[in-house]
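Source file: entry_18.txt (compact mmCIF, C-alpha atoms)
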# COMPACT_ATOMS: atom_id res chain seq x y z
CA MET A 244 -5.72 -11.18 26.18
CA ASN A 245 -7.25 -7.69 25.99
CA LYS A 246 -3.94 -6.21 27.11
CA LYS A 247 -2.14 -8.17 24.39
CA PHE A 248 -4.49 -6.87 21.70
CA ARG A 249 -4.18 -3.35 23.09
CA ASN A 250 -0.37 -3.55 22.80
CA ILE A 251 -0.66 -4.76 19.22
CA ARG A 252 -3.09 -1.95 18.36
CA ILE A 253 -0.75 0.67 19.81
CA VAL A 254 2.26 -0.67 17.87
CA LEU A 255 0.25 -0.85 14.63
CA ALA A 256 -1.11 2.67 15.15
CA ILE A 257 2.43 4.06 15.48
CA ALA A 258 3.58 2.09 12.44
CA TRP A 259 0.54 3.08 10.34
CA LYS A 260 1.10 6.77 11.05
CA ASP A 261 4.68 6.54 9.80
CA ILE A 262 3.70 4.49 6.76
CA LEU A 263 1.14 7.07 5.69
CA GLU A 264 3.47 9.99 6.34
CA GLY A 265 6.32 8.21 4.58
CA TRP A 266 4.72 8.77 1.17
CA LYS A 267 4.98 12.52 1.80
CA ASN A 268 8.56 12.42 3.05
CA LYS A 269 11.02 13.18 0.25
CA VAL A 270 13.92 11.63 2.14
CA ILE A 271 12.10 8.32 2.55
CA ILE A 272 10.90 8.23 -1.06
CA THR A 273 14.44 9.02 -2.21
CA ALA A 274 15.75 6.13 -0.09
CA VAL A 275 13.19 3.76 -1.65
CA ILE A 276 14.11 4.83 -5.20
CA THR A 277 17.85 4.62 -4.43
CA ALA A 278 17.49 1.14 -2.93
CA LEU A 279 15.55 -0.08 -5.96
CA PHE A 280 18.12 1.43 -8.32
CA LEU A 281 20.94 -0.37 -6.53
CA VAL A 282 19.35 -3.82 -6.70
CA VAL A 283 18.47 -3.37 -10.39
CA PHE A 284 21.93 -2.01 -11.18
CA TYR A 285 23.74 -4.85 -9.43
CA THR A 286 21.46 -7.42 -11.06
CA TYR A 287 22.37 -6.26 -14.55
CA LEU A 288 25.97 -5.27 -13.75
CA PRO A 289 27.48 -8.40 -15.37
CA ASP A 290 25.64 -7.68 -18.62
CA LEU A 291 26.57 -3.99 -18.52
CA THR A 292 30.29 -4.65 -17.96
CA ARG A 293 30.67 -7.67 -20.24
CA GLY A 294 30.49 -5.68 -23.49
CA ASP A 295 31.85 -7.76 -26.36
CA GLU A 296 33.46 -10.36 -24.11
CA LEU A 297 33.33 -13.84 -25.62
CA PRO A 298 31.43 -16.67 -23.90
CA LEU A 299 33.50 -19.17 -21.95
CA MET A 300 34.14 -22.79 -22.93
CA VAL A 301 35.50 -25.11 -20.23
CA ILE A 302 36.74 -28.47 -21.53
CA PHE A 303 36.98 -31.31 -19.01
CA ASP A 304 39.67 -33.69 -20.31
CA PRO A 305 40.16 -36.33 -17.56
CA TYR A 306 41.93 -38.79 -19.89
CA ASP A 307 44.45 -36.25 -21.20
CA TYR A 308 43.33 -36.53 -24.84
CA ILE A 309 44.31 -33.02 -25.90
CA SER A 310 47.19 -30.62 -25.37
CA PHE A 311 47.41 -26.83 -25.48
CA GLU A 312 48.23 -26.88 -29.19
CA ASP A 313 44.96 -28.71 -29.90
CA THR A 314 42.87 -25.77 -28.68
CA THR A 315 44.78 -22.75 -29.98
CA GLY A 316 42.45 -22.48 -32.96
CA ILE A 317 39.40 -21.66 -30.81
CA LYS A 318 38.46 -18.09 -31.77
CA ASP A 319 34.78 -17.69 -30.84
CA PHE A 320 35.22 -18.52 -27.14
CA ASN A 321 37.39 -17.75 -24.21
CA TYR A 322 38.40 -21.22 -23.13
CA ARG A 323 40.28 -23.32 -20.64
CA VAL A 324 41.01 -27.03 -20.21
CA GLU A 325 40.67 -28.74 -16.83
CA LYS A 326 41.93 -32.22 -15.92
CA ILE A 327 40.27 -32.45 -12.48
CA GLU A 328 36.49 -32.58 -12.12
CA GLN A 329 36.43 -30.46 -8.96
CA ASN A 330 38.28 -27.65 -10.73
CA PHE A 331 36.05 -28.04 -13.79
CA LEU A 332 32.84 -27.64 -11.76
CA TYR A 333 34.35 -24.83 -9.68
CA VAL A 334 34.86 -22.76 -12.82
CA LEU A 335 31.29 -23.35 -14.02
CA ARG A 336 29.57 -22.52 -10.75
CA ASP A 337 28.23 -19.02 -10.35
CA MET A 338 29.77 -17.64 -13.55
CA GLU A 339 28.40 -14.24 -14.52
CA THR A 340 28.99 -14.76 -18.26
CA PRO A 341 27.47 -17.39 -20.58
CA VAL A 342 29.51 -20.58 -20.27
CA ILE A 343 29.47 -24.14 -21.54
CA GLY A 344 31.27 -27.09 -20.00
CA LEU A 345 32.28 -30.05 -22.17
CA LEU A 346 33.23 -33.56 -21.07
CA LEU A 347 35.60 -35.42 -23.42
CA GLU A 348 34.85 -39.14 -23.13
CA GLU A 349 36.52 -40.00 -26.45
CA ASP A 350 39.70 -38.85 -28.15
CA PRO A 351 38.68 -36.07 -30.57
CA LEU A 352 41.96 -36.46 -32.48
CA ASN A 353 41.36 -40.18 -33.13
CA PRO A 354 37.60 -40.46 -33.60
CA THR A 355 35.68 -43.62 -34.39
CA ALA A 356 35.23 -43.92 -38.15
CA ASN A 357 31.98 -42.46 -39.52
CA SER A 358 30.75 -41.62 -36.04
CA PRO A 359 30.33 -38.14 -34.58
CA LEU A 360 32.10 -37.15 -31.39
CA ILE A 361 29.38 -36.96 -28.72
CA LEU A 362 29.96 -34.52 -25.89
CA GLN A 363 28.26 -34.09 -22.55
CA GLY A 364 27.25 -30.46 -21.96
CA TYR A 365 27.30 -28.65 -18.59
CA TYR A 366 25.58 -25.30 -18.02
CA PRO A 367 25.06 -22.89 -15.06
CA TYR A 368 21.54 -23.07 -13.66
CA TRP A 369 20.74 -19.43 -14.50
CA MET A 370 21.22 -19.75 -18.27
CA LYS A 371 18.02 -19.60 -20.34
CA SER A 372 17.11 -22.31 -22.86
CA SER A 373 17.78 -19.93 -25.75
CA GLN A 374 21.24 -19.11 -24.38
CA ILE A 375 22.03 -22.80 -23.98
CA GLU A 376 20.98 -23.62 -27.54
CA ASP A 377 22.99 -20.72 -28.97
CA ILE A 378 26.18 -21.54 -27.09
CA LYS A 379 25.82 -25.27 -27.84
CA SER A 380 25.43 -24.64 -31.57
CA SER A 381 28.42 -22.32 -31.55
CA ALA A 382 30.52 -24.91 -29.68
CA GLU A 383 29.57 -27.65 -32.18
CA MET A 384 30.64 -25.47 -35.09
CA THR A 385 33.85 -24.19 -33.47
CA LEU A 386 35.16 -27.59 -32.33
CA GLY A 387 33.95 -29.34 -35.49
CA ASN A 388 35.98 -26.95 -37.66
CA LEU A 389 38.98 -27.10 -35.32
CA TRP A 390 39.22 -30.90 -35.11
CA GLU A 391 37.63 -31.54 -38.53
CA ILE A 392 35.05 -33.96 -37.19
CA SER A 393 31.30 -34.01 -36.63
CA ILE A 394 30.29 -32.84 -33.13
CA GLU A 395 27.05 -33.69 -31.34
CA PHE A 396 25.76 -33.32 -27.77
CA TYR A 397 23.89 -35.76 -25.58
CA ASP A 398 20.22 -34.81 -25.31
CA ASP A 399 20.38 -34.60 -21.53
CA MET A 400 22.02 -31.49 -20.07
CA ILE A 401 23.82 -31.36 -16.74
CA ILE A 402 22.90 -28.22 -14.83
CA VAL A 403 25.53 -26.93 -12.42
CA TYR A 404 24.42 -25.14 -9.24
CA PRO A 405 26.41 -23.05 -6.76
CA VAL A 406 27.40 -24.80 -3.54
CA MET A 407 28.38 -23.37 -0.17
CA GLU A 408 31.93 -24.71 -0.47
CA ASN A 409 32.56 -22.33 -3.37
CA TYR A 410 33.26 -18.69 -2.65
CA ALA A 411 30.57 -17.02 -4.74
CA PHE A 412 32.04 -14.46 -7.12
CA GLY A 413 29.58 -14.12 -9.98
CA LYS A 414 25.86 -13.58 -10.38
CA THR A 415 24.80 -14.81 -6.95
CA PHE A 416 27.41 -12.67 -5.21
CA ILE A 417 26.32 -9.61 -7.17
CA ALA A 418 22.63 -10.33 -6.50
CA SER A 419 23.33 -10.76 -2.76
CA ILE A 420 25.29 -7.51 -2.62
CA GLY A 421 22.47 -5.71 -4.42
CA LEU A 422 19.90 -6.93 -1.90
CA LEU A 423 22.12 -6.12 1.08
CA LEU A 424 22.85 -2.64 -0.26
CA GLN A 425 19.11 -2.17 -0.57
CA LEU A 426 18.56 -3.19 3.06
CA THR A 427 21.42 -0.98 4.24
CA ILE A 428 20.18 2.12 2.45
CA MET A 429 16.67 1.67 3.87
CA GLY A 430 17.79 0.79 7.40
CA LEU A 431 20.42 3.51 7.78
CA SER A 432 18.52 6.36 6.13
CA MET A 433 14.83 5.81 6.87
CA ALA A 434 15.03 4.49 10.44
CA PRO A 435 17.06 7.42 11.89
CA GLN A 436 14.89 9.84 9.95
CA LEU A 437 11.74 8.63 11.68
CA ILE A 438 13.29 8.88 15.15
CA VAL A 439 14.75 12.37 14.63
CA GLU A 440 11.41 13.62 13.32
CA GLU A 441 9.75 12.41 16.52
CA LYS A 442 12.37 14.27 18.54
CA ASP A 443 11.63 17.47 16.63
CA SER A 444 7.92 17.09 17.36
CA GLN A 445 8.53 16.22 21.05
CA THR A 446 6.68 12.89 20.63
CA LEU A 447 9.15 11.05 22.84
CA GLN A 448 8.17 13.18 25.81
CA ALA A 449 4.49 12.61 25.05
CA ILE A 450 4.98 8.84 25.19
CA VAL A 451 5.90 9.06 28.86
CA VAL A 452 2.36 10.19 29.76
CA SER A 453 0.52 8.12 27.11
CA PRO A 454 -0.66 4.48 27.03
CA ALA A 455 2.19 3.74 24.61
CA THR A 456 5.50 2.57 26.04
CA LEU A 457 8.98 3.08 24.66
CA GLY A 458 8.86 -0.57 23.55
CA HIS A 459 5.68 0.17 21.57
CA PHE A 460 7.45 3.16 20.05
CA ILE A 461 10.49 1.21 18.86
CA LEU A 462 8.41 -1.70 17.55
CA GLY A 463 6.10 0.69 15.69
CA LYS A 464 9.04 2.46 14.04
CA THR A 465 10.60 -0.90 13.17
CA LEU A 466 7.38 -2.07 11.51
CA ALA A 467 7.14 1.14 9.49
CA VAL A 468 10.67 0.74 8.16
CA LEU A 469 10.01 -2.97 7.59
CA PHE A 470 7.01 -2.08 5.43
CA TYR A 471 9.02 0.09 3.05
CA THR A 472 11.99 -2.27 3.11
CA MET A 473 9.76 -5.24 2.28
CA LEU A 474 8.16 -3.24 -0.52
CA THR A 475 11.48 -2.42 -2.18
CA THR A 476 12.81 -5.94 -1.51
CA ALA A 477 9.73 -7.54 -3.09
CA ILE A 478 10.30 -5.47 -6.24
CA GLY A 479 14.03 -6.28 -6.13
CA LEU A 480 13.28 -10.00 -5.91
CA ILE A 481 11.51 -9.78 -9.27
CA PHE A 482 14.90 -9.10 -10.85
CA VAL A 483 16.96 -11.67 -8.91
CA GLY A 484 14.20 -14.29 -8.64
CA PRO A 485 15.56 -16.54 -11.43
CA LEU A 486 18.76 -17.02 -9.39
CA ILE A 487 16.99 -18.16 -6.21
CA ILE A 488 16.87 -21.89 -5.54
CA HIS A 489 15.39 -21.97 -2.01
CA TRP A 490 12.81 -19.23 -1.57
CA GLY A 491 12.13 -20.08 2.07
CA LEU A 492 15.77 -19.61 3.07
CA THR A 493 16.07 -16.45 1.00
CA LEU A 494 12.99 -14.82 2.53
CA ALA A 495 14.03 -15.83 6.05
CA ALA A 496 17.53 -14.43 5.48
CA LEU A 497 16.12 -11.16 4.12
CA PHE A 498 13.73 -10.74 7.06
CA ILE A 499 16.51 -11.37 9.58
CA GLY A 500 18.71 -8.99 7.58
CA MET A 501 16.09 -6.26 7.76
CA LEU A 502 15.97 -6.53 11.55
CA VAL A 503 19.77 -6.67 11.85
CA ILE A 504 20.18 -3.44 9.86
CA ILE A 505 17.03 -1.53 10.84
CA THR A 506 17.67 -1.88 14.60
CA PRO A 507 21.08 -0.11 14.46
CA GLY A 508 19.40 2.53 12.28
CA ILE A 509 16.86 3.22 15.00
CA LEU A 510 19.63 3.27 17.61
CA LEU A 511 21.50 5.78 15.43
CA GLY A 512 18.40 7.95 15.35
CA THR A 513 18.19 8.00 19.13
CA LEU A 514 21.79 9.22 19.38
CA LEU A 515 21.52 11.99 16.75
CA GLU A 516 19.90 15.35 17.30
CA ASN A 517 19.07 16.64 13.82
CA LYS A 518 18.56 15.53 10.21
CA GLN A 519 21.85 17.01 9.01
CA GLN A 520 23.77 14.59 11.23
CA ILE A 521 21.96 11.64 9.66
CA GLN A 522 23.54 12.15 6.23
CA ILE A 523 27.04 12.26 7.72
CA TRP A 524 26.63 9.24 9.98
CA VAL A 525 24.89 7.13 7.35
CA TRP A 526 28.05 7.26 5.24
CA VAL A 527 30.29 6.81 8.28
CA MET A 528 28.45 3.57 9.12
CA PHE A 529 27.97 2.48 5.51
CA ILE A 530 31.66 1.71 4.91
CA PRO A 531 32.23 -0.65 7.89
CA ILE A 532 28.90 -2.32 7.16
CA MET A 533 29.57 -3.13 3.49
CA LEU A 534 33.36 -3.28 3.10
CA PRO A 535 33.93 -6.43 5.22
CA MET A 536 31.78 -8.44 2.77
CA PHE A 537 34.26 -7.78 -0.02
CA PHE A 538 37.24 -8.65 2.19
CA SER A 539 35.49 -11.91 3.12
CA ILE A 540 35.56 -12.85 -0.57
CA VAL A 541 39.09 -11.78 -1.57
CA ARG A 542 40.60 -13.13 1.72
CA ILE A 543 43.66 -10.84 1.59
CA LEU A 544 43.80 -9.91 5.27
CA PRO A 545 45.77 -11.86 7.94
CA GLU A 546 44.11 -15.12 9.01
CA GLY A 547 43.38 -13.96 12.56
CA LEU A 548 41.61 -10.84 11.30
CA MET A 549 39.71 -12.88 8.71
CA ASN A 550 38.41 -15.19 11.46
CA VAL A 551 36.96 -12.14 13.22
CA LEU A 552 35.70 -10.63 9.98
CA ASP A 553 33.85 -13.84 9.07
CA TRP A 554 31.49 -13.13 11.97
CA TRP A 555 30.98 -9.46 11.24
CA PRO A 556 27.17 -9.07 11.12
CA THR A 557 26.87 -8.27 7.42
CA VAL A 558 29.37 -10.99 6.48
CA ALA A 559 27.36 -13.56 8.44
CA LEU A 560 24.20 -12.16 6.85
CA ALA A 561 25.69 -12.43 3.33
CA ARG A 562 26.60 -16.05 4.10
CA LEU A 563 23.06 -16.74 5.30
CA LEU A 564 21.56 -15.07 2.24
CA ARG A 565 23.77 -17.14 -0.04
CA THR A 566 22.12 -20.35 1.19
CA GLY A 567 19.05 -19.40 -0.83
CA PHE A 568 21.19 -19.30 -3.97
CA THR A 569 22.93 -22.65 -3.43
CA LEU A 570 21.98 -26.28 -3.93
CA ASN A 571 20.98 -28.19 -0.77
CA PRO A 572 22.97 -26.15 1.79
CA PRO A 573 23.58 -28.22 4.96
CA ILE A 574 21.87 -26.82 8.06
CA ASN A 575 25.25 -26.50 9.81
CA THR A 576 26.22 -23.86 7.21
CA TYR A 577 23.57 -21.41 8.38
CA LYS A 578 22.23 -22.50 11.83
CA MET A 579 24.80 -20.54 13.83
CA GLU A 580 24.32 -17.50 11.58
CA ILE A 581 20.59 -17.42 12.36
CA ILE A 582 21.16 -17.77 16.13
CA TYR A 583 23.89 -15.13 16.10
CA LEU A 584 21.99 -12.55 14.02
CA VAL A 585 18.69 -12.92 15.88
CA SER A 586 20.51 -12.64 19.23
CA LEU A 587 22.37 -9.55 17.99
CA THR A 588 19.07 -7.94 16.97
CA LEU A 589 17.57 -8.55 20.42
CA ILE A 590 20.65 -7.08 22.12
CA LEU A 591 20.53 -3.98 19.89
CA PHE A 592 16.80 -3.64 20.56
CA GLY A 593 17.48 -3.67 24.31
CA ILE A 594 20.28 -1.11 23.96
CA THR A 595 18.03 1.14 21.88
CA LEU A 596 15.25 0.91 24.45
CA TRP A 597 17.70 1.81 27.23
CA VAL A 598 19.15 4.77 25.30
CA ILE A 599 15.71 6.19 24.45
CA LYS A 600 14.61 5.80 28.07
CA LYS A 601 17.69 7.62 29.35
CA LYS A 602 17.28 10.46 26.85
CA THR A 603 13.58 10.78 27.60
CA ILE A 604 14.21 11.01 31.34
CA LYS A 605 16.82 13.70 30.70
CA GLY A 606 14.39 15.57 28.47
CA ALA A 607 16.46 15.05 25.31
The structure in this file should be written as C-alpha cells.
Amino acid sequence: MNKKFRNIRIVLAIAWKDILEGWKNKVIITAVITALFLVVFYTYLPDLTRGDELPLMVIFDPYDYISFEDTTGIKDFNYRVEKIEQNFLYVLRDMETPVIGLLLEEDPLNPTANSPLILQGYYPYWMKSSQIEDIKSSAEMTLGNLWEISIEFYDDMIIVYPVMENYAFGKTFIASIGLLLQLTIMGLSMAPQLIVEEKDSQTLQAIVVSPATLGHFILGKTLAVLFYTMLTTAIGLIFVGPLIIHWGLTLAALFIGMLVIITPGILLGTLLENKQQIQIWVWVMFIPIMLPMFFSIVRILPEGLMNVLDWWPTVALARLLRTGFTLNPPINTYKMEIIYLVSLTLILFGITLWVIKKKTIKGA
C-alpha cells in the first residue's frame, strides 16, 4: 500500500510541477487561448454565417392537401413540403437555423366553417422559448394571410431531438468539431512541448537514477496536459451545454478523447529534438487527425475507403461524442468505440514508454 501511495505521490509531483510552470509558458498559454477561441467560434459559427437568412418552415402534408402552387406566396420563410414523416423529421433534426415544423391534419384550402385551422408544431430541442414563440407567431400570420383563414397551434409542442441514425450536420456537428479541435490543439501542442523541455533540461537522464520511473514520467506529463485540457474543455462546455442531452456520455467521451489525443502528443515529443520541430509536426499531424471527420460526413470517398475511415480514431471519437447530443443512443452505437479508443490509448502509452526508454538508454 505504501508503495502504491509513493507511486501516486511521484506522478502527482511531476504533474504539479508542470501545472505550475505552465502558467509561465507562453506556448502553453497560447494553446489554451487558441483552444478556447476555437470552441467559442464554432459554437457561434451558425449565427455568424446565417446573416439575413430566413427561418425555415417544414410542412408535413401526409394527406396530400396542398400542391406547390399553394405555398408560393410564402415570403417570410424558407420552406419545404414533405409527404413522408421520416423525411420531415430528418430535416428538423440538428438544424443550425431557427425552424418550425407543421403537421397538416386538415385541408387548409377547404376549412371547417367558422373554425380555425389548428396545426401541430415541431421544434428542434435547442430552440429557446422566445425563439419558438416568435417563429410560431410569424408562421400563424404568414399562413393565415396566404390561405385566408385563421391559424392556431396546439398548446403542446413536439420537440425533435437528434438521433444516431441521422448524420449530424448542424449545431451538434459544429459543437462536436469545436470540442475536438480544442482537444487536438491542446494535445498536439502542449504535450510535445513538455517532453522537449525535459529533454533540454536533461531530466530524462535524471529519471534513470531517481525513484521516479519512466511510467511515472509519462503519467505525470499526461496529468499535467489533462489539467489544462479539462480547464479549457470545462469553459467550452459552458457554450455548448444547452445542446447536450446526456452529460455522462459527453464527459466520458471527452475524457477518452483527451487520452486518445494527448498520448500521441507525448509520443511526438519523445521523437522530436527541439521546439522548432514541434510547430511543423503539429500541423503535419493536424490534417490527418481532423480531415477524416469531414469525409465521414460527406461520404464522397469509395465505400472500401469509407469503411476504413469510419474507424479512424478521431472519426470514432466524434461518433462517441455525438452520443451525448442524441436522444437515447443504443449502447451498441458506442460500446465498440469505447473499447477501441481505450485499447488504442493503452497501446500508444506502451509505445511511448518503449521509445522513451530506448532514447534514454542511448543518451538522447
Inset, instruction - Point out the residue among A:Leu514, A:Val334, A:Ile378, A:Leu502 with the least atom-to-atom distance to A:Thr595, counting all atoms listed in the file. - result: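 Nearest candidate to A:Thr595 out of A:Leu514, A:Val334, A:Ile378, A:Leu502: A:Leu514.
In this model, the gap between atom CA of A:Gly567 and atom CA of A:Ile461 comes to 29.8 Å.
The environment of stretch 388-395 of chain A within 8 Å, counting all atoms listed in the file and disregarding residues fewer than 2 places along the same chain, consists of A:Thr314, A:Gly316, A:Ile317, A:Pro351, A:Leu352, A:Pro354, A:Ser358, A:Pro359, A:Leu360, A:Ile361, A:Leu362, A:Glu383, A:Met384, A:Thr385, A:Leu386, A:Tyr397.
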Inset, instruction - Do a neighbour search on A:Ser419 at 12 Å with all atoms listed in the file, toss out local chain neighbours closer than 4 positions, and write the hits as a VMD selection string. - result: chain A and resid 281 to 283 285 to 286 411 to 415 423 to 426 476 479 to 480 482 to 484 486 to 487 493 496 to 497 500 533 536 to 537 557 to 558 560 to 569
Legend entry - Interatomic distance (Å, one decimal) between atom CA of A:Asp377 and atom CA of A:Thr315: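 That distance, rounded to one decimal, is 21.9 Å.
Separating atom CA of A:Thr456 from atom CA of A:Leu437 is a distance of 16.8 Å.
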Legend entry - Nearest to A:Tyr322 by atom-to-atom distance, counting all atoms listed in the file, from A:Pro573, A:Leu335, A:His489, A:Ile302: A:Ile302
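For the set A:Leu515, A:Ile438, A:Ile504, A:Ile488, the residue with the smallest atom-to-atom gap to A:Val585 is A:Ile504, counting only C-alpha atoms.
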Inset, instruction - Write out as a PyMOL selection string which residues come within 12 Å of stretch 326-332 of chain A when counting all atoms listed in the file, dropping same-chain ones fewer than 3 positions away. - result: chain A and resi 300-310+322-323+335-338+342-347+364-367+401-406+408-409
